[in-house]
Structures are given as structure tokens and as C-alpha cells.
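Notes to accompany the following structure.
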Amino acid sequence: MSLLSPADQQALREVFQQLSRRVRLLFFTQTIGCETCVQAREILDELPPLSDQIVVEEVNLVLEKEKAARFGIDRAPTIVLAYDDPDSVDAIKDSRIRFLGAPAGYEFGSLVHAVLLVGGRASALGAKSLERLAALDKPLAMQVFTTPT
Amino acid sequence: MAFASPNITAVAVEATEFPDLARKYHVSGVPKTVVNDDVEILGALPEDAFVEQALTASR
């Protein structure tokens, strides 16, 4: 049974038609000591049936330490948004966008927005912001704290 | 923003699931944005102001 209503599924199916490249949701999980991993997986599983361009790949945080380290992940559940780059040989590119915790409630909307962005939609930022950010020459690690409502 | 620069990473943290992080960064209201463990942005700001605030962490 889907978590989404048929109307929501249809709306998402339509909006996901914009996806011009494959989006990979790397789902870092662990079996023990992760209360919301099952919920997070259930939410993610809603997406691939709505678009051929969305895939979910599960990574076990405990058993696949090397992969977790490559993406800098040390907590579960974490979702890393990556995408296929047809112009590059290293196939999968990290978007550097992550979600820590189950993307429930309002966060689901943020996840959909991020999927569209990673899938090739133009940035919602204005030209001035894009220019300023592109000129950045130091790392900027941004953490946005939210709650599920 | 992470898409606008290879130097930026953006993480959405569900505060109730990670109370240790919420405590570490003194999160008492959401949304709260922490940049480089240094700059804190409370609530939602207009885009220009948000970018401006975030970039102060790189100076």
C-alpha cells in the first residue's frame, strides 16, 4: 500500500518527466540501532515506480564502510543524492546534497525538489546568487535543521 | 546552493532524529542553518540575505 495518494502519485509522475538524467538515491542504512531506517526506506521506495530516472541503492553503513567513507557518511539513515553524468567516465556523481533522517512530512517536498534539481532542472536561485556562489573558493558545509511537521 | 558550487555541501538534518546534533548546534527552533560550524542562520531569509550570511562563513 502506497504512502502517497493516487493524486499525489500522478502529480509526481508528471513533474518527474522533467528529469533529464538518472538520479541515484544512495540510502545509507544499518540494521541495528536505527529507528527510522525502515520508514526512510519506505518513503524512498515510493519514488522509483514514478519515474524510470530514479533509482534507490541501499548501502549498509556497517558492512560497506569504504563506500560510506567515500561519501563521508557516518550516520543512518542518510540519503545521498547522486546522478549519472553521461559526459564523464566516473559514471556516478555526488550532488553534495544529503538528507539525514527519514524524509517525512515537509522534508518529502524538499527531497522531491532536490531530486528535480539533481535530475537536471535549472536552479531556483537568481543569477546574482549563482554568480556569488560560483566564485566561492573555500569549502562551505551547510547543515539545515528541520523537524518533521 | 550545493549545485551552484563544487565547494558547497548541503545537509538537511532531521533534528528530532539526531538530538545529539541538535544539542551540539543549540537548535531550539527550525529551520536553523549552521555553516562551517560557525555562522548560524535562524529561520527563513530572503535569498540575497541568506546567501550573504552563508558566505560570511568563508571569510
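By convention here, the chains of the C-alpha cells are called A, B, ... in the order presented, each chain's residues are numbered starting at 1, and ligands are numbered starting at 1 in the order presented.
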Q.
Using only C-alpha atoms, which protein or nucleic acid residues come within 12 Å of A:Tyr106? Drop anything in the same chain fewer than 6 positions from it, and give the result as a list of chain:residue names.
A. A:Val112, A:His113, A:Thr146, A:Thr147, A:Pro148, A:Thr149, B:Ala12, B:Glu14, B:Pro31
How would the residues just picked look written out with N, CA and C atoms as a PDB file, in the first residue's frame?
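Now in again_36.pdb:
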```
ATOM      1  N   VAL A 112      11.835  15.887  -2.999  1.00  0.00           N
ATOM      2  CA  VAL A 112      11.355  15.945  -4.389  1.00  0.00           C
ATOM      3  C   VAL A 112      12.033  17.107  -5.123  1.00  0.00           C
ATOM      4  N   HIS A 113      12.092  18.240  -4.459  1.00  0.00           N
ATOM      5  CA  HIS A 113      12.745  19.411  -5.042  1.00  0.00           C
ATOM      6  C   HIS A 113      14.214  19.098  -5.372  1.00  0.00           C
ATOM      7  N   THR A 146      15.777  20.732  10.551  1.00  0.00           N
ATOM      8  CA  THR A 146      14.336  20.820  10.356  1.00  0.00           C
ATOM      9  C   THR A 146      13.648  19.842  11.319  1.00  0.00           C
ATOM     10  N   THR A 147      12.333  19.929  11.380  1.00  0.00           N
ATOM     11  CA  THR A 147      11.559  18.930  12.115  1.00  0.00           C
ATOM     12  C   THR A 147      10.500  18.368  11.167  1.00  0.00           C
ATOM     13  N   PRO A 148       9.935  17.199  11.494  1.00  0.00           N
ATOM     14  CA  PRO A 148       9.089  16.518  10.504  1.00  0.00           C
ATOM     15  C   PRO A 148       7.752  17.151  10.171  1.00  0.00           C
ATOM     16  N   THR A 149       7.319  18.160  10.879  1.00  0.00           N
ATOM     17  CA  THR A 149       5.977  18.692  10.588  1.00  0.00           C
ATOM     18  C   THR A 149       5.932  19.564   9.356  1.00  0.00           C
TER      19      THR A 149
ATOM     20  N   ALA B  12      20.415  18.318   4.957  1.00  0.00           N
ATOM     21  CA  ALA B  12      19.188  18.571   5.715  1.00  0.00           C
ATOM     22  C   ALA B  12      19.163  17.582   6.872  1.00  0.00           C
ATOM     23  N   GLU B  14      17.275  16.048  10.156  1.00  0.00           N
ATOM     24  CA  GLU B  14      16.019  15.931  10.888  1.00  0.00           C
ATOM     25  C   GLU B  14      16.379  16.000  12.377  1.00  0.00           C
ATOM     26  N   PRO B  31      13.423  26.487  10.718  1.00  0.00           N
ATOM     27  CA  PRO B  31      14.710  25.960  10.289  1.00  0.00           C
ATOM     28  C   PRO B  31      15.882  26.736  10.884  1.00  0.00           C
TER      29      PRO B  31
END
```
Q.
I want to know what sits within 12 Å of A:Asp45, based on only C-alpha atoms, with residues of the same chain fewer than 2 positions away left out; could you give that as an MDAnalysis selection string?
A. chainID A and resid 1:4 25:27 38:43 47:51 54:58 103
Just the selected residues (C-alpha atoms), exported as a short mmCIF file (atom, residue, chain, number, x, y, z; two decimals), in the first residue's frame, please.
```cif
data_model
loop_
_atom_site.label_atom_id
_atom_site.label_comp_id
_atom_site.auth_asym_id
_atom_site.auth_seq_id
_atom_site.Cartn_x
_atom_site.Cartn_y
_atom_site.Cartn_z
CA MET A 1 0.00 0.00 0.00
CA SER A 2 1.43 3.31 -1.07
CA LEU A 3 2.10 6.13 1.35
CA LEU A 4 1.06 8.58 -1.36
CA LEU A 25 19.32 7.94 -4.12
CA LEU A 26 22.08 6.27 -2.13
CA PHE A 27 20.42 5.11 1.04
CA VAL A 38 12.64 1.31 7.78
CA GLN A 39 10.44 4.37 7.49
CA ALA A 40 13.05 6.16 5.39
CA ARG A 41 13.33 3.17 3.05
CA GLU A 42 9.54 3.00 2.71
CA ILE A 43 9.41 6.66 1.73
CA LEU A 47 9.79 7.23 -5.92
CA PRO A 48 11.25 4.72 -8.44
CA PRO A 49 7.79 3.48 -9.56
CA LEU A 50 7.01 7.07 -10.56
CA SER A 51 10.00 7.56 -12.86
CA ILE A 54 15.03 7.47 -10.21
CA VAL A 55 16.80 4.55 -8.56
CA VAL A 56 17.37 3.71 -4.90
CA GLU A 57 20.60 1.97 -3.93
CA GLU A 58 20.99 0.71 -0.42
CA PRO A 103 12.34 12.46 4.69
#
```
**Q.** Contact set, chain B to chain A: 9 Å, only C-alpha atoms, as a VMD selection string
**A.** chain B and resid 1 to 18 22 27 29 to 37 47 to 48 51 to 52 54 to 55 57 to 59
With N, CA and C atoms retained, could you export that selection as an mmCIF file, in the first residue's frame?
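Output (out36.cif):
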```cif
data_model
loop_
_atom_site.group_PDB
_atom_site.id
_atom_site.type_symbol
_atom_site.label_atom_id
_atom_site.label_comp_id
_atom_site.auth_asym_id
_atom_site.auth_seq_id
_atom_site.Cartn_x
_atom_site.Cartn_y
_atom_site.Cartn_z
ATOM 1 N N MET B 1 22.050 25.387 -3.431
ATOM 2 C CA MET B 1 23.347 26.074 -3.317
ATOM 3 C C MET B 1 24.501 25.099 -3.561
ATOM 4 N N ALA B 2 24.344 23.844 -3.097
ATOM 5 C CA ALA B 2 25.405 22.851 -3.321
ATOM 6 C C ALA B 2 25.625 22.642 -4.810
ATOM 7 N N PHE B 3 24.574 22.889 -5.573
ATOM 8 C CA PHE B 3 24.680 22.680 -7.008
ATOM 9 C C PHE B 3 25.340 23.864 -7.704
ATOM 10 N N ALA B 4 25.423 24.975 -6.991
ATOM 11 C CA ALA B 4 25.975 26.182 -7.592
ATOM 12 C C ALA B 4 27.485 26.275 -7.415
ATOM 13 N N SER B 5 28.051 25.445 -6.539
ATOM 14 C CA SER B 5 29.495 25.466 -6.318
ATOM 15 C C SER B 5 29.986 24.105 -5.859
ATOM 16 N N PRO B 6 31.086 23.629 -6.451
ATOM 17 C CA PRO B 6 31.653 22.354 -6.002
ATOM 18 C C PRO B 6 32.206 22.428 -4.582
ATOM 19 N N ASN B 7 32.306 23.642 -4.031
ATOM 20 C CA ASN B 7 32.820 23.790 -2.667
ATOM 21 C C ASN B 7 31.736 23.665 -1.597
ATOM 22 N N ILE B 8 30.499 23.575 -2.023
ATOM 23 C CA ILE B 8 29.401 23.575 -1.047
ATOM 24 C C ILE B 8 28.790 22.189 -0.878
ATOM 25 N N THR B 9 28.618 21.797 0.381
ATOM 26 C CA THR B 9 27.807 20.618 0.671
ATOM 27 C C THR B 9 26.583 21.081 1.459
ATOM 28 N N ALA B 10 25.448 20.457 1.213
ATOM 29 C CA ALA B 10 24.216 20.847 1.896
ATOM 30 C C ALA B 10 23.572 19.606 2.505
ATOM 31 N N VAL B 11 23.370 19.657 3.800
ATOM 32 C CA VAL B 11 22.783 18.521 4.500
ATOM 33 C C VAL B 11 21.528 18.973 5.237
ATOM 34 N N ALA B 12 20.415 18.318 4.957
ATOM 35 C CA ALA B 12 19.188 18.571 5.715
ATOM 36 C C ALA B 12 19.163 17.582 6.872
ATOM 37 N N VAL B 13 19.123 18.089 8.079
ATOM 38 C CA VAL B 13 19.177 17.223 9.249
ATOM 39 C C VAL B 13 17.828 17.228 9.962
ATOM 40 N N GLU B 14 17.275 16.048 10.156
ATOM 41 C CA GLU B 14 16.019 15.931 10.888
ATOM 42 C C GLU B 14 16.379 16.000 12.377
ATOM 43 N N ALA B 15 16.081 17.145 12.988
ATOM 44 C CA ALA B 15 16.590 17.441 14.327
ATOM 45 C C ALA B 15 16.113 16.461 15.400
ATOM 46 N N THR B 16 14.876 15.983 15.300
ATOM 47 C CA THR B 16 14.379 15.104 16.364
ATOM 48 C C THR B 16 15.015 13.712 16.293
ATOM 49 N N GLU B 17 15.480 13.322 15.099
ATOM 50 C CA GLU B 17 16.125 12.011 14.963
ATOM 51 C C GLU B 17 17.587 12.039 15.397
ATOM 52 N N PHE B 18 18.167 13.225 15.390
ATOM 53 C CA PHE B 18 19.576 13.349 15.773
ATOM 54 C C PHE B 18 19.729 14.403 16.865
ATOM 55 N N ALA B 22 21.394 18.275 17.260
ATOM 56 C CA ALA B 22 20.552 19.422 17.623
ATOM 57 C C ALA B 22 21.102 20.106 18.876
ATOM 58 N N VAL B 27 20.059 23.893 18.651
ATOM 59 C CA VAL B 27 18.871 24.099 17.830
ATOM 60 C C VAL B 27 17.647 24.172 18.740
ATOM 61 N N GLY B 29 14.879 26.175 17.500
ATOM 62 C CA GLY B 29 13.800 26.428 16.556
ATOM 63 C C GLY B 29 14.258 26.036 15.171
ATOM 64 N N VAL B 30 13.295 25.759 14.298
ATOM 65 C CA VAL B 30 13.660 25.386 12.929
ATOM 66 C C VAL B 30 12.942 26.293 11.933
ATOM 67 N N PRO B 31 13.423 26.487 10.718
ATOM 68 C CA PRO B 31 14.710 25.960 10.289
ATOM 69 C C PRO B 31 15.882 26.736 10.884
ATOM 70 N N LYS B 32 16.943 26.008 11.178
ATOM 71 C CA LYS B 32 18.171 26.665 11.600
ATOM 72 C C LYS B 32 19.285 26.130 10.712
ATOM 73 N N THR B 33 20.049 27.035 10.147
ATOM 74 C CA THR B 33 21.142 26.641 9.260
ATOM 75 C C THR B 33 22.467 26.953 9.924
ATOM 76 N N VAL B 34 23.355 25.982 9.934
ATOM 77 C CA VAL B 34 24.694 26.172 10.506
ATOM 78 C C VAL B 34 25.696 26.003 9.370
ATOM 79 N N VAL B 35 26.556 26.998 9.195
ATOM 80 C CA VAL B 35 27.522 26.953 8.109
ATOM 81 C C VAL B 35 28.934 26.859 8.685
ATOM 82 N N ASN B 36 29.654 25.841 8.289
ATOM 83 C CA ASN B 36 31.035 25.610 8.758
ATOM 84 C C ASN B 36 31.148 25.653 10.280
ATOM 85 N N ASP B 37 30.156 25.144 10.980
ATOM 86 C CA ASP B 37 30.148 25.138 12.447
ATOM 87 C C ASP B 37 30.336 26.533 13.032
ATOM 88 N N GLU B 47 16.441 35.336 -0.296
ATOM 89 C CA GLU B 47 17.594 34.679 -0.917
ATOM 90 C C GLU B 47 18.904 35.473 -0.804
ATOM 91 N N ASP B 48 18.856 36.748 -1.158
ATOM 92 C CA ASP B 48 20.091 37.554 -1.125
ATOM 93 C C ASP B 48 20.714 37.563 0.269
ATOM 94 N N VAL B 51 22.202 34.051 1.205
ATOM 95 C CA VAL B 51 23.495 33.809 0.539
ATOM 96 C C VAL B 51 24.583 34.664 1.199
ATOM 97 N N GLU B 52 24.241 35.903 1.473
ATOM 98 C CA GLU B 52 25.185 36.818 2.106
ATOM 99 C C GLU B 52 25.663 36.265 3.455
ATOM 100 N N ALA B 54 25.474 33.158 4.579
ATOM 101 C CA ALA B 54 26.203 31.897 4.425
ATOM 102 C C ALA B 54 27.644 32.165 4.001
ATOM 103 N N LEU B 55 27.822 33.116 3.116
ATOM 104 C CA LEU B 55 29.168 33.399 2.602
ATOM 105 C C LEU B 55 30.073 34.037 3.651
ATOM 106 N N ALA B 57 30.731 32.849 6.331
ATOM 107 C CA ALA B 57 31.482 31.737 6.918
ATOM 108 C C ALA B 57 32.751 31.433 6.137
ATOM 109 N N SER B 58 32.835 31.911 4.918
ATOM 110 C CA SER B 58 34.008 31.608 4.090
ATOM 111 C C SER B 58 35.063 32.696 4.190
ATOM 112 N N ARG B 59 34.774 33.735 4.988
ATOM 113 C CA ARG B 59 35.733 34.849 5.045
ATOM 114 C C ARG B 59 36.693 34.699 6.205
#
```
Apply DSSP to the structure's backbone, then extract all residues of chain B labelled strand (DSSP E or B) and return them as an mmCIF file with N, CA and C atoms, in the first residue's frame.
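File produced: part.cif:
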```
data_model
loop_
_atom_site.group_PDB
_atom_site.id
_atom_site.type_symbol
_atom_site.label_atom_id
_atom_site.label_comp_id
_atom_site.auth_asym_id
_atom_site.auth_seq_id
_atom_site.Cartn_x
_atom_site.Cartn_y
_atom_site.Cartn_z
ATOM 1 N N ILE B 8 30.499 23.575 -2.023
ATOM 2 C CA ILE B 8 29.401 23.575 -1.047
ATOM 3 C C ILE B 8 28.790 22.189 -0.878
ATOM 4 N N THR B 9 28.618 21.797 0.381
ATOM 5 C CA THR B 9 27.807 20.618 0.671
ATOM 6 C C THR B 9 26.583 21.081 1.459
ATOM 7 N N ALA B 10 25.448 20.457 1.213
ATOM 8 C CA ALA B 10 24.216 20.847 1.896
ATOM 9 C C ALA B 10 23.572 19.606 2.505
ATOM 10 N N VAL B 11 23.370 19.657 3.800
ATOM 11 C CA VAL B 11 22.783 18.521 4.500
ATOM 12 C C VAL B 11 21.528 18.973 5.237
ATOM 13 N N ALA B 12 20.415 18.318 4.957
ATOM 14 C CA ALA B 12 19.188 18.571 5.715
ATOM 15 C C ALA B 12 19.163 17.582 6.872
ATOM 16 N N VAL B 13 19.123 18.089 8.079
ATOM 17 C CA VAL B 13 19.177 17.223 9.249
ATOM 18 C C VAL B 13 17.828 17.228 9.962
ATOM 19 N N GLU B 14 17.275 16.048 10.156
ATOM 20 C CA GLU B 14 16.019 15.931 10.888
ATOM 21 C C GLU B 14 16.379 16.000 12.377
ATOM 22 N N LYS B 32 16.943 26.008 11.178
ATOM 23 C CA LYS B 32 18.171 26.665 11.600
ATOM 24 C C LYS B 32 19.285 26.130 10.712
ATOM 25 N N THR B 33 20.049 27.035 10.147
ATOM 26 C CA THR B 33 21.142 26.641 9.260
ATOM 27 C C THR B 33 22.467 26.953 9.924
ATOM 28 N N VAL B 34 23.355 25.982 9.934
ATOM 29 C CA VAL B 34 24.694 26.172 10.506
ATOM 30 C C VAL B 34 25.696 26.003 9.370
ATOM 31 N N VAL B 35 26.556 26.998 9.195
ATOM 32 C CA VAL B 35 27.522 26.953 8.109
ATOM 33 C C VAL B 35 28.934 26.859 8.685
ATOM 34 N N VAL B 39 28.766 30.035 11.357
ATOM 35 C CA VAL B 39 27.689 31.002 11.151
ATOM 36 C C VAL B 39 26.340 30.324 11.344
ATOM 37 N N GLU B 40 25.458 31.005 12.083
ATOM 38 C CA GLU B 40 24.125 30.447 12.291
ATOM 39 C C GLU B 40 23.081 31.347 11.656
ATOM 40 N N ILE B 41 22.179 30.740 10.913
ATOM 41 C CA ILE B 41 21.093 31.498 10.291
ATOM 42 C C ILE B 41 19.781 30.947 10.817
ATOM 43 N N LEU B 42 19.013 31.809 11.486
ATOM 44 C CA LEU B 42 17.749 31.363 12.071
ATOM 45 C C LEU B 42 16.590 31.702 11.153
#
```
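For the atom pair formed by atom CA of A:Glu64 and atom CA of A:Leu116, the distance is 27.8 Å, given to one decimal.
Atom CA of A:Gly72 is found 26.4 Å from atom CA of B:Ser28.
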Q. Stretch 51-91 of chain A: which residues are helix (DSSP H, G or I) by DSSP, as JSON, numbers by chain?
A. {"A": [65, 66, 67, 68, 69, 70]}
Q: Please provide the set of residues having any atom within 6 Å of stretch 83-85 of chain A, restricted to only C-alpha atoms, with same-chain residues fewer than 2 positions apart removed, written as a PyMOL selection string.
A: chain A and resi 22-24+87-88+91-93
